[in-house]
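**Student:** This is the content of start-v3.txt (compact mmCIF, C-alpha atoms):
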# COMPACT_ATOMS: atom_id res chain seq x y z
CA MET A 95 73.38 122.30 70.47
CA LYS A 96 75.73 125.22 70.37
CA LYS A 97 79.36 124.92 71.34
CA LYS A 98 80.48 126.79 74.40
CA GLU A 99 82.37 129.98 73.60
CA SER A 100 86.12 129.82 74.11
CA THR A 101 86.22 132.50 76.76
CA LEU A 102 88.87 132.33 79.43
CA VAL A 103 86.37 131.57 82.18
CA ASN A 104 84.72 128.81 80.17
CA MET A 105 88.00 127.19 79.31
CA VAL A 106 89.29 127.30 82.86
CA VAL A 107 86.05 125.97 84.32
CA VAL A 108 85.72 123.12 81.81
CA LEU A 109 89.32 121.99 82.15
CA PHE A 110 89.07 122.23 85.93
CA ILE A 111 85.97 120.06 86.02
CA ILE A 112 87.44 117.48 83.66
CA THR A 113 90.69 117.18 85.58
CA LEU A 114 88.81 117.05 88.88
CA VAL A 115 86.58 114.21 87.72
CA ALA A 116 89.55 112.40 86.19
CA GLY A 117 91.59 112.79 89.38
CA LEU A 118 88.81 111.52 91.60
CA THR A 119 88.12 108.56 89.33
CA LEU A 120 91.78 107.58 89.25
CA GLY A 121 92.06 107.89 93.01
CA TYR A 122 89.06 105.66 93.44
CA VAL A 123 90.30 103.00 90.99
CA ASN A 124 93.71 103.11 92.62
CA ASP A 125 92.16 102.43 96.03
CA VAL A 126 90.08 99.59 94.67
CA THR A 127 92.96 97.89 92.87
CA LEU A 128 95.56 98.45 95.58
CA GLU A 129 94.82 95.20 97.36
CA PRO A 130 94.48 92.96 94.28
CA LYS A 131 97.73 94.44 92.95
CA ALA A 132 99.59 93.57 96.14
CA ARG A 133 97.98 90.13 96.10
CA ALA A 134 99.05 89.54 92.50
CA ARG A 135 102.64 90.49 93.35
CA LEU A 136 102.65 88.21 96.40
CA ALA A 137 101.15 85.33 94.44
CA LYS A 138 103.89 85.72 91.88
CA LYS A 139 106.56 85.69 94.57
CA VAL A 140 105.11 82.63 96.27
CA SER A 141 104.82 80.72 93.01
CA ALA A 142 108.42 81.66 92.17
CA LEU A 143 109.53 80.41 95.59
CA LYS A 144 107.70 77.12 95.05
CA THR A 145 109.44 76.57 91.69
CA VAL A 146 112.96 77.36 92.79
CA LEU A 147 113.17 75.89 96.28
CA PRO A 148 113.53 72.27 97.31
CA THR A 149 110.50 71.00 99.28
CA PHE A 150 109.91 73.07 102.38
CA ASP A 151 107.20 73.38 105.02
CA ASN A 152 107.67 76.86 106.46
CA ASP A 153 106.44 80.16 105.05
CA PRO A 154 109.57 81.88 103.72
CA VAL A 155 107.91 85.22 102.92
CA PRO A 156 107.70 86.63 106.47
CA GLU A 157 111.17 85.23 107.27
CA MET A 158 112.72 87.11 104.38
CA VAL A 159 116.05 88.79 105.10
CA ARG A 160 117.24 91.85 103.20
CA VAL A 161 120.93 92.19 102.53
CA LYS A 162 122.59 95.32 101.24
CA SER A 163 125.11 94.95 98.50
CA GLU A 164 127.25 97.63 96.87
CA LEU A 165 126.77 95.90 93.55
CA ALA A 166 122.99 95.82 93.59
CA LYS A 167 120.73 98.84 93.44
CA ASP A 168 117.93 97.14 95.33
CA SER A 169 118.79 95.16 98.39
CA ILE A 170 119.01 91.42 97.86
CA GLU A 171 116.17 89.40 99.32
CA ILE A 172 116.86 86.05 100.90
CA TYR A 173 114.00 83.66 101.62
CA PRO A 174 115.14 80.82 103.89
CA ALA A 175 113.34 77.49 103.64
CA PHE A 176 113.09 74.89 106.36
CA ARG A 177 111.84 71.32 106.36
CA GLU A 178 110.96 69.82 109.75
CA GLY A 179 113.00 72.53 111.40
CA ALA A 180 116.16 71.87 109.40
CA PHE A 181 117.60 74.37 106.94
CA ALA A 182 116.52 73.20 103.50
CA GLY A 183 118.02 75.92 101.33
CA ALA A 184 117.15 79.45 100.39
CA ALA A 185 115.81 81.44 97.50
CA VAL A 186 117.86 84.53 96.73
CA THR A 187 117.11 87.34 94.35
CA GLY A 188 119.84 88.62 92.10
CA ALA A 189 119.78 91.39 89.55
CA SER A 190 121.90 92.83 86.81
CA GLU A 191 121.45 96.17 85.10
CA ARG A 192 123.51 95.03 82.16
CA GLY A 193 120.89 93.20 80.19
CA TYR A 194 120.34 94.08 76.56
CA SER A 195 117.54 96.43 77.62
CA GLY A 196 118.28 97.01 81.27
CA LEU A 197 117.30 95.11 84.35
CA VAL A 198 117.36 91.34 84.55
CA LYS A 199 116.12 90.04 87.89
CA LEU A 200 116.25 86.43 88.94
CA MET A 201 115.26 84.30 91.85
CA VAL A 202 117.73 81.54 92.44
CA GLY A 203 116.94 78.61 94.70
CA PHE A 204 119.91 77.02 96.48
CA GLN A 205 120.21 73.77 98.33
CA PRO A 206 121.94 74.02 101.73
CA ASP A 207 125.32 73.11 100.19
CA GLY A 208 125.11 75.91 97.62
CA THR A 209 124.01 73.80 94.67
CA ILE A 210 121.53 75.59 92.42
CA ASN A 211 118.15 73.93 92.71
CA ASN A 212 116.29 75.98 90.14
CA ILE A 213 116.16 79.50 88.72
CA GLU A 214 113.19 81.66 87.84
CA VAL A 215 113.33 84.92 85.91
CA LEU A 216 111.37 87.58 87.81
CA GLU A 217 111.86 90.57 85.54
CA GLN A 218 113.42 91.10 82.15
CA LYS A 219 112.91 93.32 79.13
CA GLU A 220 115.11 91.41 76.71
CA THR A 221 114.45 90.99 73.00
CA PRO A 222 111.45 88.74 72.39
CA GLY A 223 112.51 85.50 70.74
CA LEU A 224 116.19 85.96 71.60
CA GLY A 225 116.90 87.14 75.14
CA THR A 226 113.50 86.06 76.43
CA LYS A 227 114.55 82.47 75.81
CA MET A 228 116.35 82.74 79.16
CA LYS A 229 112.99 81.76 80.62
CA GLY A 230 113.01 78.58 78.56
CA GLU A 231 113.56 75.11 79.96
CA LYS A 232 116.39 74.44 77.55
CA PHE A 233 118.49 77.32 78.85
CA LEU A 234 117.67 76.94 82.54
CA GLN A 235 118.37 73.22 82.78
CA GLN A 236 122.11 73.77 82.39
CA PHE A 237 122.16 75.45 85.81
CA ARG A 238 120.28 72.81 87.78
CA GLY A 239 122.37 70.80 90.17
CA LYS A 240 125.45 72.93 89.51
CA ASP A 241 127.48 74.43 92.34
CA PRO A 242 128.64 77.94 91.33
CA SER A 243 131.87 77.46 93.32
CA ALA A 244 132.85 74.87 90.68
CA PHE A 245 130.61 75.98 87.81
CA ASN A 246 131.73 79.33 86.39
CA LEU A 247 128.64 81.43 85.79
CA LYS A 248 130.27 83.39 83.00
CA VAL A 249 129.49 82.87 79.34
CA GLU A 250 131.77 80.44 77.50
CA LYS A 251 133.10 83.33 75.41
CA ASP A 252 134.29 85.04 78.61
CA GLY A 253 135.94 81.88 79.93
CA GLY A 254 132.95 80.58 81.86
CA GLN A 255 130.83 77.49 81.44
CA VAL A 256 127.44 78.93 80.53
CA ASP A 257 126.18 78.01 77.09
CA ALA A 258 124.95 81.39 75.81
CA LEU A 259 121.61 81.86 74.10
CA ALA A 260 121.99 82.16 70.34
CA GLY A 261 122.01 85.83 69.43
CA ALA A 262 121.68 86.95 73.01
CA THR A 263 125.13 86.82 74.58
CA ILE A 264 124.56 90.10 76.40
CA SER A 265 121.35 88.82 77.96
CA THR A 266 123.11 85.62 78.99
CA ARG A 267 125.97 87.62 80.50
CA ALA A 268 123.49 89.64 82.59
CA PHE A 269 121.79 86.41 83.62
CA GLY A 270 125.09 84.95 84.81
CA GLU A 271 125.95 88.15 86.64
CA ALA A 272 122.61 88.15 88.44
CA ALA A 273 122.97 84.49 89.36
CA GLN A 274 126.50 85.12 90.64
CA GLN A 275 125.24 87.97 92.80
CA ALA A 276 122.57 85.70 94.27
CA TYR A 277 125.17 83.01 94.96
CA ASP A 278 127.53 85.46 96.70
CA ALA A 279 124.68 86.65 98.89
CA PHE A 280 123.71 83.07 99.65
CA VAL A 281 127.25 82.16 100.71
CA ALA A 282 127.48 85.21 102.94
CA TYR A 283 124.10 84.34 104.39
CA THR A 284 124.84 80.67 105.13
CA ASP A 285 128.08 81.72 106.84
CA THR A 286 126.01 83.67 109.36
CA ILE A 287 123.58 80.84 110.10
CA THR A 288 125.87 77.82 110.11
CA LYS A 289 125.71 77.90 113.88
CA PRO A 290 122.82 75.53 114.66
CA ASP A 291 121.13 77.93 117.13
CA LYS A 292 120.50 80.27 114.16
CA MET B 126 74.90 113.31 58.27
CA ALA B 127 74.96 112.29 61.92
CA GLU B 128 71.34 111.22 62.20
CA THR B 129 71.00 109.34 58.94
CA LEU B 130 74.27 107.46 59.25
CA ASP B 131 73.83 103.80 58.41
CA GLN B 132 75.12 102.06 61.55
CA LYS B 133 76.10 98.87 59.77
CA GLN B 134 78.21 100.83 57.32
CA ASN B 135 79.54 102.84 60.21
CA PHE B 136 80.65 99.67 61.99
CA LEU B 137 82.12 97.97 58.93
CA LYS B 138 84.11 100.97 57.77
CA GLY B 139 86.35 100.63 60.82
CA ILE B 140 87.15 97.06 59.90
CA ILE B 141 87.46 97.30 56.14
CA LYS B 142 87.28 100.59 54.30
CA GLU B 143 88.99 102.71 56.92
CA ASN B 144 90.85 100.00 58.81
CA PRO B 145 93.00 102.01 61.24
CA VAL B 146 96.13 99.95 60.71
CA PHE B 147 96.08 98.70 57.14
CA VAL B 148 94.39 101.63 55.45
CA MET B 149 94.84 104.71 57.64
CA LEU B 150 98.16 103.59 59.15
CA LEU B 151 97.28 105.01 62.55
CA GLY B 152 98.62 103.82 65.88
CA MET B 153 101.86 102.52 64.42
CA CYS B 154 103.75 102.64 67.72
CA PRO B 155 101.82 99.84 69.47
CA THR B 156 101.21 98.09 66.16
CA LEU B 157 104.91 97.64 65.50
CA GLY B 158 106.01 97.49 69.11
CA VAL B 159 103.95 94.78 70.78
CA THR B 160 102.94 92.42 68.02
CA SER B 161 105.76 89.96 68.58
CA SER B 162 103.16 87.32 69.42
CA ALA B 163 99.51 86.80 68.59
CA PHE B 164 98.53 86.98 72.26
CA ASN B 165 100.29 90.31 72.79
CA GLY B 166 98.62 91.74 69.70
CA LEU B 167 95.24 90.59 70.92
CA GLY B 168 95.82 91.97 74.41
CA MET B 169 96.95 95.35 73.14
CA GLY B 170 94.05 95.41 70.66
CA VAL B 171 91.47 94.74 73.34
CA ALA B 172 93.00 97.30 75.74
CA THR B 173 92.93 99.90 72.97
CA LEU B 174 89.38 98.95 72.00
CA PHE B 175 88.26 99.55 75.59
CA VAL B 176 89.97 102.94 75.86
CA LEU B 177 88.65 103.97 72.45
CA LEU B 178 85.10 102.98 73.36
CA MET B 179 85.15 104.81 76.69
CA SER B 180 86.77 107.94 75.30
CA ASN B 181 84.34 108.07 72.37
CA ILE B 182 81.41 107.76 74.78
CA VAL B 183 82.61 110.51 77.10
CA VAL B 184 83.74 112.84 74.32
CA SER B 185 80.45 112.49 72.48
CA LEU B 186 78.53 113.18 75.72
CA ILE B 187 80.42 116.32 76.68
CA LYS B 188 81.18 117.60 73.19
CA SER B 189 78.86 120.61 73.43
CA GLN B 190 80.30 121.64 76.80
CA VAL B 191 83.94 121.80 75.75
CA PRO B 192 85.12 125.12 74.28
CA SER B 193 86.87 124.30 71.02
CA LYS B 194 90.13 126.03 71.96
CA VAL B 195 90.76 123.59 74.81
CA ARG B 196 89.22 120.50 73.26
CA ILE B 197 92.54 118.72 72.65
CA PRO B 198 93.79 118.99 76.26
CA ALA B 199 90.33 117.99 77.45
CA PHE B 200 90.31 114.89 75.21
CA ILE B 201 93.84 113.95 76.22
CA VAL B 202 92.99 114.12 79.91
CA ILE B 203 89.96 111.90 79.34
CA ILE B 204 91.95 109.39 77.29
CA ALA B 205 94.86 109.38 79.75
CA SER B 206 92.49 108.69 82.63
CA PHE B 207 91.01 105.64 80.94
CA VAL B 208 94.44 104.38 80.00
CA THR B 209 95.57 104.66 83.61
CA VAL B 210 92.45 102.78 84.71
CA VAL B 211 93.26 100.03 82.21
CA GLU B 212 96.84 99.91 83.46
CA MET B 213 95.82 99.55 87.10
CA VAL B 214 93.15 96.94 86.35
CA LEU B 215 95.55 94.90 84.21
CA GLU B 216 98.22 94.99 86.89
CA ALA B 217 95.74 93.85 89.51
CA TYR B 218 93.87 91.15 87.63
CA ILE B 219 95.95 90.08 84.60
CA PRO B 220 99.53 90.59 85.79
CA PHE B 221 100.83 88.30 83.05
CA LEU B 222 99.53 90.54 80.27
CA TYR B 223 100.59 93.63 82.20
CA GLU B 224 104.19 92.46 82.16
CA GLN B 225 104.09 91.48 78.51
CA LEU B 226 102.75 94.81 77.30
CA GLY B 227 104.86 96.83 79.73
CA ILE B 228 105.58 100.36 78.59
CA PHE B 229 103.09 100.10 75.74
CA ILE B 230 100.10 100.34 78.07
CA PRO B 231 100.78 103.95 79.15
CA LEU B 232 101.63 104.68 75.53
CA ILE B 233 98.03 103.96 74.51
CA VAL B 234 97.50 107.60 75.52
CA VAL B 235 99.42 108.81 72.50
CA ASN B 236 97.87 106.33 70.10
CA CYS B 237 96.64 108.77 67.48
CA LEU B 238 93.84 106.38 66.58
CA ILE B 239 92.07 107.23 69.84
CA LEU B 240 92.59 110.99 69.72
CA GLY B 241 91.83 110.87 66.01
CA ARG B 242 88.44 109.25 66.53
CA ALA B 243 87.64 111.59 69.43
CA GLU B 244 88.50 114.63 67.34
CA ALA B 245 87.23 113.52 63.94
CA PHE B 246 84.18 111.52 64.91
CA ALA B 247 82.95 111.53 68.50
CA SER B 248 83.12 115.30 68.86
CA LYS B 249 80.83 115.68 65.85
CA ASN B 250 78.42 112.76 66.16
CA ASN B 251 75.83 111.49 68.63
CA LEU B 252 76.37 108.83 71.26
CA THR B 253 75.08 105.81 69.32
CA SER B 254 77.13 106.58 66.23
CA SER B 255 80.20 107.20 68.37
CA VAL B 256 79.81 103.87 70.17
CA VAL B 257 79.39 102.02 66.87
CA ASP B 258 82.35 103.89 65.40
CA ALA B 259 84.52 102.99 68.39
CA LEU B 260 83.49 99.33 68.19
CA GLY B 261 84.19 99.17 64.46
CA MET B 262 87.52 100.96 64.65
CA GLY B 263 88.48 99.01 67.76
CA MET B 264 87.65 95.69 66.12
CA GLY B 265 89.62 96.71 63.05
CA PHE B 266 92.57 97.44 65.31
CA VAL B 267 92.19 94.16 67.23
CA ILE B 268 91.98 92.12 64.04
CA ALA B 269 94.97 93.88 62.49
CA LEU B 270 97.17 93.50 65.58
CA THR B 271 96.22 89.89 66.13
CA ALA B 272 96.86 89.03 62.48
CA LEU B 273 100.21 90.79 62.51
CA GLY B 274 101.15 89.18 65.82
CA ALA B 275 100.13 85.75 64.57
CA ILE B 276 102.17 86.05 61.39
CA ARG B 277 105.24 87.26 63.26
CA GLU B 278 104.88 84.53 65.86
CA ILE B 279 104.43 81.79 63.26
CA LEU B 280 107.42 82.89 61.19
CA GLY B 281 109.68 84.04 63.99
CA ASN B 282 108.97 81.60 66.75
CA GLY B 283 107.24 78.65 65.11
CA SER B 284 104.22 78.88 67.33
CA ILE B 285 100.81 80.48 67.52
CA PHE B 286 99.16 81.62 70.76
CA GLU B 287 102.09 79.94 72.54
CA PHE B 288 101.19 76.64 70.89
CA ARG B 289 104.44 75.42 69.40
CA PHE B 290 104.51 73.35 66.23
CA VAL B 291 108.27 73.16 65.72
CA PRO B 292 110.86 71.94 68.24
CA GLU B 293 112.17 74.57 70.67
CA ASP B 294 115.64 74.69 69.15
CA ALA B 295 114.51 74.76 65.52
CA ASN B 296 115.86 77.59 63.41
CA THR B 297 113.03 80.03 62.90
CA LEU B 298 113.10 83.37 61.12
CA ILE B 299 114.01 85.37 64.22
CA LEU B 300 114.00 88.49 62.05
CA PHE B 301 110.22 88.54 62.24
CA ILE B 302 110.24 88.83 66.03
CA LEU B 303 112.70 91.72 65.86
CA PRO B 304 111.62 95.29 64.99
CA PRO B 305 112.53 95.13 61.26
CA GLY B 306 110.30 92.08 60.93
CA ALA B 307 107.38 94.15 62.19
CA PHE B 308 107.79 96.60 59.33
CA ILE B 309 108.18 93.87 56.73
CA ALA B 310 105.21 91.85 57.95
CA LEU B 311 103.04 94.97 58.26
CA ALA B 312 103.87 96.09 54.73
CA TYR B 313 102.98 92.75 53.19
CA LEU B 314 99.82 92.45 55.26
CA ALA B 315 98.76 95.93 54.17
CA ILE B 316 99.33 95.02 50.52
CA VAL B 317 97.31 91.83 50.80
CA PHE B 318 94.57 93.55 52.78
CA ASN B 319 94.18 96.42 50.34
CA ARG B 320 94.26 94.09 47.37
CA LEU B 321 91.47 91.95 48.81
CA THR B 322 89.27 94.80 49.96
CA ARG B 323 89.59 96.65 46.66
CA LYS B 324 88.22 93.61 44.90
CA MET B 325 85.31 93.50 47.30
CA ALA B 326 84.45 97.13 46.73
Turn the structure described in the file into structure tokens.
**Tutor:**
Amino acid sequence: MKKKESTLVNMVVVLFIITLVAGLTLGYVNDVTLEPKARARLAKKVSALKTVLPTFDNDPVPEMVRVKSELAKDSIEIYPAFREGAFAGAAVTGASERGYSGLVKLMVGFQPDGTINNIEVLEQKETPGLGTKMKGEKFLQQFRGKDPSAFNLKVEKDGGQVDALAGATISTRAFGEAAQQAYDAFVAYTDTITKPDK
Amino acid sequence: MAETLDQKQNFLKGIIKENPVFVMLLGMCPTLGVTSSAFNGLGMGVATLFVLLMSNIVVSLIKSQVPSKVRIPAFIVIIASFVTVVEMVLEAYIPFLYEQLGIFIPLIVVNCLILGRAEAFASKNNLTSSVVDALGMGMGFVIALTALGAIREILGNGSIFEFRFVPEDANTLILFILPPGAFIALAYLAIVFNRLTRKMA
């Protein structure tokens, strides 16, 4: 088999065909995976909600409220939970850009009185083995049952009460900042719905 | 040589004699970047194996149709397409792995192992040889990354494939999870590997 000559026409035609086929293939795969991708993201959100919230019987996803905040780049998402019609708490996202390698995004579950029920890390790019330990049970348990109005979410070094991860103070600081943001949003949110007619 | 190539030799050379990581030192970016755990190494290895296999197949099929002056852009487009397919499929069906590998999935495009095999092998050999070559090289890459990931995870985190054999707060050699540890572990693995294979040959 002889190689095609490198004439201008040949080169243009071959590259055109290759890019055309590649483009069509990618478009097709994108269409096919669009739905599973959305489903995977939703499944992740729902499982995060289940971990952080106290028991609830409504579906918080469609009832989600977006709140704008000057501090956050994305709007904060608030997922209210109800049990037998009564407000049972809310899951609030909080983010900080000041992680060791950028964004740290959390979902914080609050009980109606503002006590932290549980926290789940949604996104982080911290150092494996150091900052990633923020997902670990040992680190997260110090937040459970704490009320951020009395429990300072800053690192101990900065005068707060959070026991920082060894070797990952910056990651811990970002974590605290994100949690604080979620708490502020939660307080603002509960102020608007304290009236029982909601 | 293409027709008389011994396929068993062809397959084994990718794993031993021309192991892409330990002998040829190709694809260092993902090798050093993602091998902080055995599972990540395995995932990246398999993703690369798939892209390498597909690109070798396509390149070997169209090799006579591509004018040699534009062969590199043509190969890169083919490789990039498969990488994007892998990225979308991973995000849809294995979101956990997708998050772990992160930026290193799109970077498979610039893994010189894949372009290297397309240019040096698939564009000169027939389909069967190219498939065997891709499987051998890909397996060599998978084995190397998994081994490196396992060693770093054992030393740096006290676990293997997420199975922990020391308490969570034990002092492990965190260095091995960090980037310098990747270089150190890779160097020693390469020494051991070359020592062993030289004896065999």
**Student:** Considering all atoms listed in the file, tabulate each residue of chain A that lies at most 10 Å from chain B along with its nearest interatomic pair and the corresponding distance in Å to one decimal; arrange the rows by chain and ascending residue number and present them as CSV.
**Tutor:**
residue,atom,partner,partner_atom,distance
A:Met95,CA,B:Ser189,CA,6.5
A:Lys96,CA,B:Ser189,CA,6.4
A:Lys97,CA,B:Ser189,CA,4.8
A:Lys98,CA,B:Pro192,CA,4.9
A:Glu99,CA,B:Pro192,CA,5.6
A:Ser100,CA,B:Pro192,CA,4.8
A:Thr101,CA,B:Pro192,CA,7.9
A:Leu102,CA,B:Pro192,CA,9.6
A:Asn104,CA,B:Pro192,CA,7.0
A:Met105,CA,B:Pro192,CA,6.2
A:Val106,CA,B:Val195,CA,9.0
A:Val107,CA,B:Val191,CA,9.8
A:Val108,CA,B:Val191,CA,6.5
A:Leu109,CA,B:Ala199,CA,6.3
A:Phe110,CA,B:Ala199,CA,9.6
A:Ile111,CA,B:Ala199,CA,9.8
A:Ile112,CA,B:Ala199,CA,6.9
A:Thr113,CA,B:Val202,CA,6.8
A:Val115,CA,B:Ile203,CA,9.3
A:Ala116,CA,B:Ser206,CA,5.9
A:Gly117,CA,B:Ser206,CA,7.9
A:Thr119,CA,B:Ser206,CA,8.0
A:Leu120,CA,B:Val210,CA,6.6
A:Gly121,CA,B:Val210,CA,9.8
A:Tyr122,CA,B:Val210,CA,9.8
A:Val123,CA,B:Val210,CA,6.6
A:Asn124,CA,B:Met213,CA,6.9
A:Val126,CA,B:Val214,CA,9.3
A:Thr127,CA,B:Ala217,CA,5.9
A:Leu128,CA,B:Ala217,CA,7.6
A:Glu129,CA,B:Ala217,CA,8.0
A:Pro130,CA,B:Ala217,CA,5.0
A:Lys131,CA,B:Ala217,CA,4.0
A:Ala132,CA,B:Ala217,CA,7.7
A:Arg133,CA,B:Ala217,CA,7.9
A:Ala134,CA,B:Ala217,CA,6.2
A:Arg135,CA,B:Pro220,CA,8.2
A:Lys138,CA,B:Pro220,CA,8.9
A:Glu217,CA,B:Glu224,CA,8.6
A:Gln218,CA,B:Glu224,CA,9.3
A:Lys219,CA,B:Gly227,CA,8.8
A:Thr221,CA,B:Leu303,CA,7.4
A:Pro222,CA,B:Ile302,CA,6.5
A:Gly223,CA,B:Ile302,CA,6.2
A:Leu224,CA,B:Ile299,CA,7.7
A:Lys227,CA,B:Glu293,CA,9.7
A:Gly230,CA,B:Glu293,CA,8.9
A:Glu231,CA,B:Glu293,CA,9.4
A:Lys232,CA,B:Glu293,CA,8.1
A:Ala260,CA,B:Asp294,CA,9.9
A:Gly261,CA,B:Ile299,CA,9.6
**Student:** Which residues come within 7 Å of Gln132 in chain B, counting only C-alpha atoms, excluding same-chain residues fewer than 2 positions away, as a list in words?
**Tutor:**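 Non-adjacent residues within range: Leu130, Gln134, Asn135, Phe136, Ser254 and Val257 of chain B.
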**Student:** Neighbours of Pro155 in chain B within 12 Å (only C-alpha atoms; same-chain residues fewer than 6 positions away dropped), as a ChimeraX atom specification?
**Tutor:** /B:146,161,165-170,172-173,226-238,266-267,269-271,273-274,304,307
**Student:** CA of Lys133 in chain B and CA of Ala259 in chain B are how many Å apart?
**Tutor:** 12.7 Å
**Student:** I'd like the interatomic distance between CA of Phe176 in chain A and CA of Phe150 in chain A, to a tenth of an Å.
**Tutor:**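 So the answer is 5.4 Å.
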**Student:** May I ask for the distance between CA of Ser248 in chain B and CA of Asn181 in chain B, given in Å to one decimal place?
**Tutor:**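 Interatomic distance, CA of Ser248 in chain B to CA of Asn181 in chain B: 8.1 Å.
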**Student:** Which is closest to Arg323 in chain B among B:Leu174, B:Ile309, B:Val148, B:Ala272, if we use only C-alpha atoms?
**Tutor:**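 Ranked by minimum distance to Arg323 in chain B, first place goes to B:Val148.
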